[in-house]
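Undergrad: Sharing work07.cif below, mmCIF, C-alpha atoms:
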data_final
#
loop_
_atom_site.label_atom_id
_atom_site.label_comp_id
_atom_site.auth_asym_id
_atom_site.auth_seq_id
_atom_site.Cartn_x
_atom_site.Cartn_y
_atom_site.Cartn_z
CA MET A 1 33.15 -54.47 56.19
CA GLY A 2 31.48 -55.44 59.45
CA ILE A 3 32.71 -52.24 61.06
CA HIS A 4 30.60 -50.09 58.73
CA ALA A 5 27.57 -52.34 58.99
CA LEU A 6 27.33 -52.19 62.79
CA PRO A 7 26.11 -48.57 63.17
CA ILE A 8 23.54 -49.19 60.41
CA TYR A 9 22.37 -52.32 62.23
CA ALA A 10 22.02 -50.39 65.50
CA LEU A 11 20.08 -47.71 63.61
CA HIS A 12 17.79 -50.31 62.05
CA LEU A 13 16.91 -51.67 65.50
CA ALA A 14 16.56 -48.19 66.98
CA ASP A 15 14.29 -47.06 64.13
CA ASN A 16 12.06 -50.11 64.65
CA ALA A 17 11.65 -49.26 68.32
CA LEU A 18 11.17 -45.51 67.85
CA VAL A 19 8.72 -45.70 64.95
CA LEU A 20 6.48 -48.30 66.54
CA GLY A 21 6.81 -46.60 69.92
CA HIS A 22 5.71 -43.33 68.34
CA ARG A 23 2.77 -45.01 66.61
CA ASN A 24 1.64 -46.45 69.94
CA SER A 25 2.08 -43.07 71.64
CA GLU A 26 -0.46 -41.65 69.19
CA TRP A 27 -3.07 -43.56 71.24
CA THR A 28 -2.21 -41.66 74.43
CA GLY A 29 -5.36 -39.85 75.46
CA TYR A 30 -7.44 -41.74 72.88
CA GLY A 31 -7.38 -45.32 74.22
CA PRO A 32 -10.72 -47.16 74.31
CA ILE A 33 -10.68 -47.10 78.11
CA LEU A 34 -8.36 -45.48 80.62
CA GLU A 35 -6.68 -48.75 81.64
CA GLN A 36 -5.75 -49.69 78.07
CA ASP A 37 -4.73 -46.13 77.25
CA ILE A 38 -2.18 -46.45 80.05
CA ALA A 39 -1.18 -49.99 79.03
CA LEU A 40 -0.34 -48.99 75.46
CA SER A 41 1.37 -45.79 76.60
CA ASN A 42 3.53 -47.91 78.92
CA ILE A 43 4.51 -50.09 75.97
CA ALA A 44 5.27 -46.99 73.89
CA LEU A 45 7.56 -45.72 76.66
CA ASP A 46 9.35 -49.08 76.84
CA GLN A 47 9.96 -48.95 73.10
CA ILE A 48 11.16 -45.36 73.04
CA GLY A 49 13.48 -46.25 75.93
CA GLN A 50 14.89 -49.12 73.87
CA ALA A 51 15.30 -46.76 70.93
CA ARG A 52 17.30 -44.32 73.07
CA TYR A 53 19.85 -46.95 74.12
CA LEU A 54 20.21 -48.10 70.52
CA TYR A 55 20.56 -44.56 69.13
CA GLN A 56 23.16 -43.74 71.78
CA HIS A 57 25.09 -46.84 70.74
CA ALA A 58 24.80 -45.98 67.04
CA ALA A 59 25.88 -42.38 67.67
CA ARG A 60 28.95 -43.54 69.61
CA LEU A 61 29.92 -45.93 66.80
CA MET A 62 29.39 -43.28 64.12
CA ASN A 63 31.41 -40.64 65.97
CA GLU A 64 34.25 -43.09 66.60
CA GLY A 65 34.18 -44.06 62.94
CA ALA A 66 34.33 -40.40 61.86
CA ALA A 67 37.23 -39.72 64.26
CA ALA A 68 39.13 -42.76 62.97
CA GLN A 69 38.82 -41.43 59.42
CA GLY A 70 40.26 -38.12 60.58
CA ALA A 71 37.04 -36.25 59.94
CA GLY A 72 37.81 -33.61 62.55
CA GLY A 73 35.57 -30.59 62.91
CA VAL A 74 32.44 -32.44 61.82
CA THR A 75 29.54 -31.99 64.24
CA PRO A 76 29.16 -35.25 66.17
CA VAL A 77 25.83 -37.04 65.84
CA THR A 78 23.64 -37.56 68.92
CA GLU A 79 20.64 -39.73 69.74
CA ASP A 80 18.49 -36.66 69.09
CA SER A 81 20.00 -35.81 65.72
CA LEU A 82 19.50 -39.42 64.63
CA ALA A 83 15.88 -39.52 65.75
CA TYR A 84 14.82 -36.03 64.67
CA GLY A 85 17.29 -35.04 61.97
CA ARG A 86 17.07 -37.82 59.40
CA ASP A 87 14.55 -38.08 56.59
CA ALA A 88 12.42 -41.08 55.63
CA TRP A 89 14.97 -42.63 53.23
CA ASP A 90 17.54 -42.72 56.05
CA PHE A 91 15.25 -44.70 58.33
CA ARG A 92 15.85 -48.46 58.38
CA ASN A 93 12.76 -49.65 60.26
CA CYS A 94 10.61 -52.50 58.99
CA LEU A 95 7.47 -51.46 57.13
CA LEU A 96 5.29 -53.15 59.75
CA ALA A 97 6.35 -50.64 62.42
CA GLU A 98 5.26 -47.57 60.46
CA GLN A 99 1.79 -48.75 59.41
CA ALA A 100 -0.98 -46.43 60.58
CA ASN A 101 -2.84 -47.32 63.76
CA GLY A 102 -6.23 -47.93 62.17
CA ASP A 103 -8.66 -49.22 64.80
CA TRP A 104 -7.72 -50.80 68.12
CA GLY A 105 -7.69 -54.26 66.53
CA LYS A 106 -5.15 -53.29 63.88
CA THR A 107 -2.93 -51.61 66.47
CA ILE A 108 -3.11 -54.74 68.64
CA LEU A 109 -2.30 -57.09 65.77
CA ARG A 110 0.65 -54.94 64.64
CA GLN A 111 1.97 -54.99 68.20
CA PHE A 112 1.48 -58.75 68.48
CA PHE A 113 3.39 -59.51 65.25
CA PHE A 114 6.16 -57.19 66.30
CA SER A 115 6.36 -58.24 69.95
CA ALA A 116 6.51 -61.91 68.95
CA TRP A 117 9.42 -61.01 66.66
CA GLN A 118 11.17 -58.88 69.30
CA PHE A 119 10.68 -61.61 71.89
CA PHE A 120 12.71 -64.18 69.95
CA PHE A 121 15.00 -61.55 68.45
CA TYR A 122 16.15 -60.07 71.77
CA GLU A 123 16.48 -63.58 73.18
CA GLN A 124 19.12 -64.26 70.51
CA LEU A 125 20.68 -60.81 70.57
CA GLN A 126 21.63 -61.36 74.22
CA HIS A 127 24.39 -63.62 72.85
CA SER A 128 25.70 -60.99 70.44
CA ARG A 129 29.48 -60.54 70.25
CA ASP A 130 28.78 -56.80 70.57
CA SER A 131 28.52 -56.45 74.34
CA GLU A 132 26.49 -53.23 74.17
CA LEU A 133 23.82 -54.80 71.93
CA ALA A 134 23.78 -57.85 74.21
CA ALA A 135 23.18 -55.67 77.28
CA ILE A 136 20.40 -53.69 75.59
CA ALA A 137 18.80 -56.96 74.48
CA GLU A 138 18.84 -58.37 77.99
CA LYS A 139 17.09 -55.32 79.43
CA SER A 140 14.61 -55.06 76.56
CA HIS A 141 13.67 -58.73 76.57
CA LYS A 142 12.07 -58.41 80.01
CA GLU A 143 9.87 -55.61 78.72
CA VAL A 144 8.91 -57.50 75.58
CA ILE A 145 7.80 -60.58 77.55
CA TYR A 146 4.98 -58.43 78.89
CA HIS A 147 4.24 -56.78 75.50
CA LEU A 148 3.83 -60.22 73.95
CA ARG A 149 1.62 -61.48 76.74
CA TRP A 150 -0.58 -58.37 76.62
CA SER A 151 -0.94 -58.30 72.83
CA SER A 152 -1.49 -62.07 72.55
CA GLU A 153 -4.38 -61.93 74.99
CA TRP A 154 -5.94 -59.05 73.09
CA VAL A 155 -5.60 -60.77 69.71
CA ILE A 156 -7.41 -63.81 71.11
CA ARG A 157 -9.99 -61.69 72.91
CA LEU A 158 -10.90 -59.76 69.76
CA GLY A 159 -10.46 -62.53 67.19
CA ASP A 160 -12.56 -64.95 69.24
CA GLY A 161 -14.90 -62.20 70.45
CA THR A 162 -18.01 -60.75 68.83
CA ALA A 163 -18.86 -60.92 65.12
CA GLU A 164 -17.84 -57.28 64.86
CA SER A 165 -14.46 -57.70 66.58
CA HIS A 166 -13.75 -60.88 64.60
CA SER A 167 -14.41 -59.19 61.26
CA ARG A 168 -12.24 -56.22 62.22
CA MET A 169 -9.37 -58.55 63.14
CA GLY A 170 -9.79 -60.30 59.79
CA LYS A 171 -9.47 -56.93 58.09
CA ALA A 172 -6.37 -56.15 60.16
CA MET A 173 -4.87 -59.49 59.08
CA ASP A 174 -5.45 -58.54 55.43
CA ASP A 175 -3.80 -55.17 56.02
CA LEU A 176 -0.76 -56.30 57.99
CA TRP A 177 0.20 -59.87 57.09
CA LYS A 178 2.11 -58.75 53.98
CA TYR A 179 4.53 -56.77 56.15
CA THR A 180 5.55 -59.71 58.35
CA GLY A 181 7.89 -61.32 55.79
CA GLU A 182 10.32 -58.42 55.99
CA LEU A 183 11.00 -59.23 59.63
CA PHE A 184 12.88 -62.30 58.41
CA SER A 185 14.45 -61.19 55.15
CA PRO A 186 17.94 -59.99 56.09
CA ALA A 187 19.38 -56.76 54.68
CA ASP A 188 23.01 -56.72 53.54
CA TYR A 189 24.18 -55.21 56.85
CA GLU A 190 22.46 -58.04 58.74
CA ARG A 191 24.09 -60.70 56.57
CA LYS A 192 27.53 -59.19 57.10
CA LEU A 193 27.08 -59.11 60.86
CA SER A 194 25.38 -62.43 61.48
CA ALA A 195 28.35 -64.54 60.33
CA PRO A 196 30.69 -63.04 62.99
CA GLY A 197 27.96 -63.50 65.62
CA ILE A 198 27.06 -59.83 66.08
CA ALA A 199 23.64 -59.74 64.42
CA VAL A 200 20.83 -62.23 64.96
CA ASP A 201 20.48 -64.89 62.27
CA LEU A 202 16.86 -64.30 61.29
CA ALA A 203 16.53 -67.83 59.88
CA VAL A 204 16.93 -69.12 63.44
CA ILE A 205 14.03 -67.16 64.90
CA ARG A 206 11.67 -67.49 61.95
CA PRO A 207 10.27 -70.96 62.84
CA LEU A 208 9.92 -69.91 66.49
CA TRP A 209 7.95 -66.83 65.47
CA GLU A 210 5.77 -68.78 63.05
CA GLU A 211 4.91 -71.38 65.67
CA ARG A 212 4.02 -68.82 68.34
CA VAL A 213 2.01 -66.63 65.96
CA GLN A 214 0.12 -69.60 64.53
CA GLU A 215 -0.74 -70.77 68.05
CA VAL A 216 -2.28 -67.43 68.97
CA LEU A 217 -4.01 -66.94 65.60
CA MET A 218 -5.62 -70.39 65.90
CA ALA A 219 -6.90 -69.55 69.38
CA ALA A 220 -8.22 -66.28 67.93
CA ARG A 221 -9.98 -68.08 65.03
CA LEU A 222 -7.79 -66.15 62.59
CA GLY A 223 -5.80 -69.08 61.27
CA GLY A 224 -7.22 -69.12 57.73
CA GLN A 225 -5.51 -68.94 54.35
CA ARG A 226 -3.10 -66.07 53.84
CA SER A 227 -1.28 -64.66 50.86
CA ASP A 228 2.42 -65.51 50.60
CA TRP A 229 3.25 -62.25 48.85
CA MET A 230 5.33 -60.02 51.08
CA GLN A 231 6.14 -56.31 50.83
CA THR A 232 9.71 -55.30 51.75
CA GLY A 233 12.01 -52.30 51.47
CA GLY A 234 11.96 -50.56 54.85
CA LYS A 235 15.30 -52.01 55.92
CA GLN A 236 16.85 -50.39 52.84
CA GLY A 237 15.09 -47.05 53.34
CA ARG A 238 12.25 -47.62 50.85
CA HIS A 239 9.17 -46.89 52.91
CA THR A 240 5.42 -46.74 52.54
CA GLU A 241 3.90 -43.27 52.50
CA GLN A 242 2.88 -43.77 56.14
CA LEU A 243 6.37 -43.00 57.44
CA GLY A 244 6.49 -39.49 55.96
CA TYR A 245 3.38 -38.39 57.86
CA LEU A 246 4.71 -39.91 61.05
CA LEU A 247 8.06 -38.14 60.77
CA ALA A 248 6.41 -34.83 59.85
CA GLU A 249 4.60 -34.85 63.17
CA MET A 250 7.35 -36.42 65.28
CA GLN A 251 10.16 -34.22 63.98
CA PHE A 252 8.27 -30.95 63.59
CA LEU A 253 9.53 -29.27 66.74
CA GLN A 254 13.22 -30.05 66.19
CA ARG A 255 12.95 -29.09 62.53
CA ALA A 256 11.22 -25.78 63.22
CA TYR A 257 13.25 -24.92 66.34
CA PRO A 258 16.56 -26.83 66.08
CA ASN A 259 18.04 -27.92 69.43
CA CYS A 260 15.16 -26.44 71.39
CA GLU A 261 14.62 -27.81 74.88
CA TRP A 262 11.79 -27.55 77.34
CA MET B 1 -29.59 -50.18 74.77
CA PRO B 2 -27.83 -49.88 78.11
CA GLU B 3 -24.19 -48.83 78.03
CA GLN B 4 -21.90 -51.84 78.27
CA GLN B 5 -19.35 -51.43 81.04
CA TRP B 6 -16.74 -53.94 82.11
CA PRO B 7 -17.01 -54.98 85.75
CA LEU B 8 -15.17 -53.00 88.40
CA TRP B 9 -12.29 -54.61 90.30
CA GLU B 10 -10.52 -53.55 93.48
CA VAL B 11 -6.72 -53.66 93.41
CA PHE B 12 -4.47 -54.49 96.36
CA ILE B 13 -0.72 -54.02 96.10
CA ARG B 14 2.04 -55.25 98.38
CA SER B 15 5.13 -53.07 98.33
CA LYS B 16 8.68 -54.37 98.60
CA GLN B 17 8.91 -53.38 102.27
CA GLY B 18 5.32 -54.11 103.23
CA LEU B 19 4.00 -57.38 104.59
CA ASP B 20 0.38 -56.72 103.75
CA HIS B 21 -1.47 -55.90 100.56
CA LYS B 22 -2.92 -52.39 100.68
CA HIS B 23 -5.90 -51.12 98.73
CA ALA B 24 -4.50 -49.14 95.80
CA GLY B 25 -7.67 -48.29 93.89
CA SER B 26 -9.98 -49.78 91.30
CA ILE B 27 -9.96 -50.59 87.60
CA HIS B 28 -12.32 -51.91 84.94
CA ALA B 29 -11.63 -55.26 83.29
CA ALA B 30 -13.52 -57.99 81.43
CA ASP B 31 -12.03 -60.85 83.44
CA ALA B 32 -9.41 -61.69 86.07
CA ALA B 33 -6.53 -62.00 83.61
CA MET B 34 -7.24 -58.56 82.18
CA ALA B 35 -7.78 -57.16 85.67
CA MET B 36 -4.33 -58.36 86.70
CA GLU B 37 -2.72 -56.72 83.64
CA ASN B 38 -4.66 -53.49 84.05
CA ALA B 39 -3.69 -53.36 87.73
CA ARG B 40 -0.07 -53.85 86.75
CA ASP B 41 -0.25 -51.13 84.13
CA VAL B 42 -2.13 -48.58 86.21
CA TYR B 43 -0.77 -49.12 89.73
CA THR B 44 2.80 -50.46 89.52
CA ARG B 45 4.30 -47.99 87.03
CA ARG B 46 6.48 -46.33 89.68
CA MET B 47 7.85 -49.47 91.35
CA GLU B 48 5.05 -49.48 93.93
CA GLY B 49 4.67 -53.19 94.25
CA VAL B 50 5.93 -56.75 94.09
CA SER B 51 2.58 -58.50 94.43
CA ILE B 52 -0.95 -57.80 93.20
CA TRP B 53 -4.36 -59.03 94.32
CA VAL B 54 -7.51 -58.20 92.39
CA VAL B 55 -11.07 -58.93 93.44
CA GLU B 56 -14.28 -58.04 91.69
CA SER B 57 -15.83 -55.16 93.58
CA ARG B 58 -19.24 -56.83 93.78
CA TYR B 59 -17.76 -59.48 96.08
CA ILE B 60 -16.81 -56.89 98.68
CA HIS B 61 -19.45 -56.20 101.30
CA ALA B 62 -19.09 -52.93 103.14
CA SER B 63 -20.56 -51.65 106.38
CA ASN B 64 -23.20 -48.96 106.10
CA PRO B 65 -21.96 -45.47 107.09
CA ASP B 66 -25.44 -44.63 108.41
CA GLU B 67 -25.02 -47.33 111.04
CA SER B 68 -21.68 -46.06 112.29
CA SER B 69 -23.06 -44.71 115.58
CA SER B 70 -24.60 -48.05 116.55
CA LEU B 71 -21.62 -50.05 115.27
CA TYR B 72 -18.66 -48.09 116.61
CA ASP B 73 -19.77 -45.62 119.32
CA PRO B 74 -20.44 -48.28 121.99
CA ALA B 75 -16.68 -49.01 122.05
CA ASN B 76 -15.94 -45.44 123.13
CA ASP B 77 -16.43 -45.96 126.90
CA LYS B 78 -14.92 -49.44 127.20
CA ILE B 79 -11.44 -48.35 128.12
CA TYR B 80 -10.90 -51.60 130.05
CA ARG B 81 -10.53 -53.29 126.65
CA HIS B 82 -7.13 -51.62 126.27
CA PRO B 83 -4.18 -53.22 128.08
CA THR B 84 -3.10 -49.76 129.27
CA PHE B 85 -6.20 -49.69 131.55
CA TYR B 86 -4.64 -52.19 133.93
CA ASP B 87 -2.06 -51.34 136.58
CA LEU B 88 0.79 -53.78 136.55
CA PRO B 89 2.65 -54.74 139.70
CA ASP B 90 6.20 -53.33 139.80
CA GLU B 91 7.60 -56.85 140.12
CA LEU B 92 6.38 -57.71 136.66
CA LYS B 93 9.07 -57.10 134.05
CA HIS B 94 9.16 -57.40 130.31
CA MET B 95 5.59 -56.41 129.57
#
Take the structure in the file and give it back as structure tokens.
TA:
Amino acid sequence: MGIHALPIYALHLADNALVLGHRNSEWTGYGPILEQDIALSNIALDQIGQARYLYQHAARLMNEGAAAQGAGGVTPVTEDSLAYGRDAWDFRNCLLAEQANGDWGKTILRQFFFSAWQFFFYEQLQHSRDSELAAIAEKSHKEVIYHLRWSSEWVIRLGDGTAESHSRMGKAMDDLWKYTGELFSPADYERKLSAPGIAVDLAVIRPLWEERVQEVLMAARLGGQRSDWMQTGGKQGRHTEQLGYLLAEMQFLQRAYPNCEW
Amino acid sequence: MPEQQWPLWEVFIRSKQGLDHKHAGSIHAADAAMAMENARDVYTRRMEGVSIWVVESRYIHASNPDESSSLYDPANDKIYRHPTFYDLPDELKHM
């Protein structure tokens, strides 16, 4: 069972990184000031780099699996075919990652929720029994330390800033909080893989995430009452409409001109 | 209403091989913490450095270019200030 779950798990992690990385890259050239335009583009590049390693791993696993089943003659999958050749229902990213950028505050808050999750997640994944995932986690964790620091400071700066920035952050909280629960509700492929020590047990990192997020939200004067109702589905391929628009733009070139290079 | 601009900061980077911090350029930032992050993001993307200094530009005092003739020209004819001006006796080694 675990053998079939592993490539899906790698895809889930890769999709998270690619989709959020692409969202952040949409700011390139539009950042509020040059320095922050570069900062967020750097983060986008880190994330797309993480996605590449994970897609390469998933592709290797899928091709090995196909070969083992004697499926000769089938075109092998590649990192590119996984990123640019699948449709929305094949993507396994969390809903949080695909949410539209909105204003700078919403983009920052989305990044903060996600970086705080990735920070504790990659910390645990370094101990995965899958040595490739462990190695990717070790490299990625260093990058995420900075993403978390950067986004935390911005959440506090805006939440505890002017009346205008505070109200925009409150709006962003209303928009995004309902997508944070999915980060900790395991899909079937995660359950299958966490018992043998391959996948991260999300129950372990949940309290760590909650404590860190609460700390920053309090400092940002955003620690008020929140709804407990959580939207889920992304990990199973049931997405919000946002993802379709994102993929339409991201995949256009490979769809219109398959295998083109430049 | 005047346009709100964050203060300007000067960035100094020390490379892996270098012993001294060299002026890399300037950035805008609201405070020192943000200046440090902006400097990291703008000036160390291609492995340029292992250490960063930032200082708000208004704390740097510069000499006036218009005064360059009075400040620097008088040194032109003082060649005795260079050690090469002096003849050393042949007996003296290791100089």
Undergrad: Running the PyMOL selection byres ((chain A and resi 126) around 10) on this model by hand, what would come out? Give it as a ChimeraX atom specification.
TA: /A:121-125,127-141,198,200
Undergrad: CA of Ser69 in chain B to CA of Lys22 in chain B: how many Å, to one decimal?
TA: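 Answer for the CA of Ser69 in chain B to CA of Lys22 in chain B separation: 26.2 Å.
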Undergrad: With distances taken over all atoms listed in the file, which residue among B:Ser15, B:Ser57, B:Ser70, B:Thr44 lies nearest His28 in chain B?
TA: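 Distance minimum relative to His28 in chain B lands on B:Ser57.
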Undergrad: Tell me which protein, DNA and RNA residues are within 10 Å of Ala88 in chain A, counting all atoms listed in the file, leaving out same-chain ones fewer than 5 positions away, and put them as a VMD selection string.
TA: chain A and resid 93 234 237 to 248
Undergrad: Could you tell me which residues of chain B sit within 8 Å of chain A when counting all atoms listed in the file, and give me the result as a PyMOL selection string?
TA: chain B and resi 27-28+37-38+41-42
Undergrad: Can I get the selection written as an mmCIF file, in the coordinates of the input, with C-alpha atoms?
TA:
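Wrote it out as result.cif, contents follow:
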data_model
loop_
_atom_site.group_PDB
_atom_site.id
_atom_site.type_symbol
_atom_site.label_atom_id
_atom_site.label_comp_id
_atom_site.auth_asym_id
_atom_site.auth_seq_id
_atom_site.Cartn_x
_atom_site.Cartn_y
_atom_site.Cartn_z
ATOM 1 C CA ILE B 27 -9.960 -50.590 87.600
ATOM 2 C CA HIS B 28 -12.320 -51.910 84.940
ATOM 3 C CA GLU B 37 -2.720 -56.720 83.640
ATOM 4 C CA ASN B 38 -4.660 -53.490 84.050
ATOM 5 C CA ASP B 41 -0.250 -51.130 84.130
ATOM 6 C CA VAL B 42 -2.130 -48.580 86.210
#
Undergrad: Quick one: residues within 12 Å of Ala32 in chain B, only C-alpha atoms, excluding same-chain residues fewer than 4 positions away - as a list in words?
TA: Trp6, Pro7, Leu8, Trp9, Glu10, Val11, Ile27, His28, Met36, Glu37, Asn38, Ala39, Ile52, Trp53, Val54, Val55, Glu56 and Ser57 of chain B
Undergrad: Counting all atoms listed in the file, what is within 10 Å of range 75-83 of chain A, bar same-chain residues fewer than 5 positions away, as a VMD selection string?
TA: chain A and resid 11 14 to 15 18 to 19 51 to 64 66 to 67 90 to 91 247 250 to 251 254 258 to 259
Undergrad: Enter the distance from CA of Ile8 in chain A to CA of Val213 in chain A, in Å, rounded to one decimal.
TA: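 Separating CA of Ile8 in chain A from CA of Val213 in chain A is a distance of 28.3 Å.
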Undergrad: Applying the PyMOL selection byres ((chain A and resi 231) around 8) to the file I just gave you, which residues come out? Please list them as a ChimeraX atom specification.
TA: /A:178-179,181-182,229-230,232-233
Undergrad: Please write the residues from the selection above to a file, keeping C-alpha atoms, as an mmCIF file, in the coordinates of the input.
TA:
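Final output, result.cif:
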data_model
loop_
_atom_site.group_PDB
_atom_site.id
_atom_site.type_symbol
_atom_site.label_atom_id
_atom_site.label_comp_id
_atom_site.auth_asym_id
_atom_site.auth_seq_id
_atom_site.Cartn_x
_atom_site.Cartn_y
_atom_site.Cartn_z
ATOM 1 C CA LYS A 178 2.110 -58.750 53.980
ATOM 2 C CA TYR A 179 4.530 -56.770 56.150
ATOM 3 C CA GLY A 181 7.890 -61.320 55.790
ATOM 4 C CA GLU A 182 10.320 -58.420 55.990
ATOM 5 C CA TRP A 229 3.250 -62.250 48.850
ATOM 6 C CA MET A 230 5.330 -60.020 51.080
ATOM 7 C CA THR A 232 9.710 -55.300 51.750
ATOM 8 C CA GLY A 233 12.010 -52.300 51.470
#
Undergrad: One number please: CA of Pro74 in chain B to CA of Leu88 in chain B, in Å, one decimal.
TA: 26.3 Å
Undergrad: Would you mind telling me which residue in A:Asn101, A:Arg255, A:Ser227, A:Leu96 lies nearest to Glu26 in chain A when using only C-alpha atoms?
TA: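 Distance minimum relative to Glu26 in chain A lands on A:Asn101.
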Undergrad: Env of Met95 in chain B: 12 Å cut, atoms = only C-alpha atoms, seq-sep filter 6 positions within chain, self excluded. Answer as a PyMOL selection string.
TA: chain B and resi 83-84+86-89
Undergrad: Fewer than 4 positions away in the same chain doesn't count, so skip those; otherwise give me all residues within 8 Å of Ala97 in chain A, counting all atoms listed in the file, as a compact mmCIF listing (two decimals) with C-alpha atoms, in the frame of the given file.
TA:
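Everything below was put into selection01.txt:
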# COMPACT_ATOMS: atom_id res chain seq x y z
CA ASN A 16 12.06 -50.11 64.65
CA VAL A 19 8.72 -45.70 64.95
CA LEU A 20 6.48 -48.30 66.54
CA ARG A 23 2.77 -45.01 66.61
CA ASN A 93 12.76 -49.65 60.26
CA ARG A 110 0.65 -54.94 64.64
CA PHE A 114 6.16 -57.19 66.30
Undergrad: At a cut-off of 9 Å around the point (8.1, -59.7, 70.2) (file coordinates), what residues fall inside when counting all atoms listed in the file? I'd like the answer as a VMD selection string.
TA: chain A and resid 111 to 122 141 144 to 145 147 to 148 209
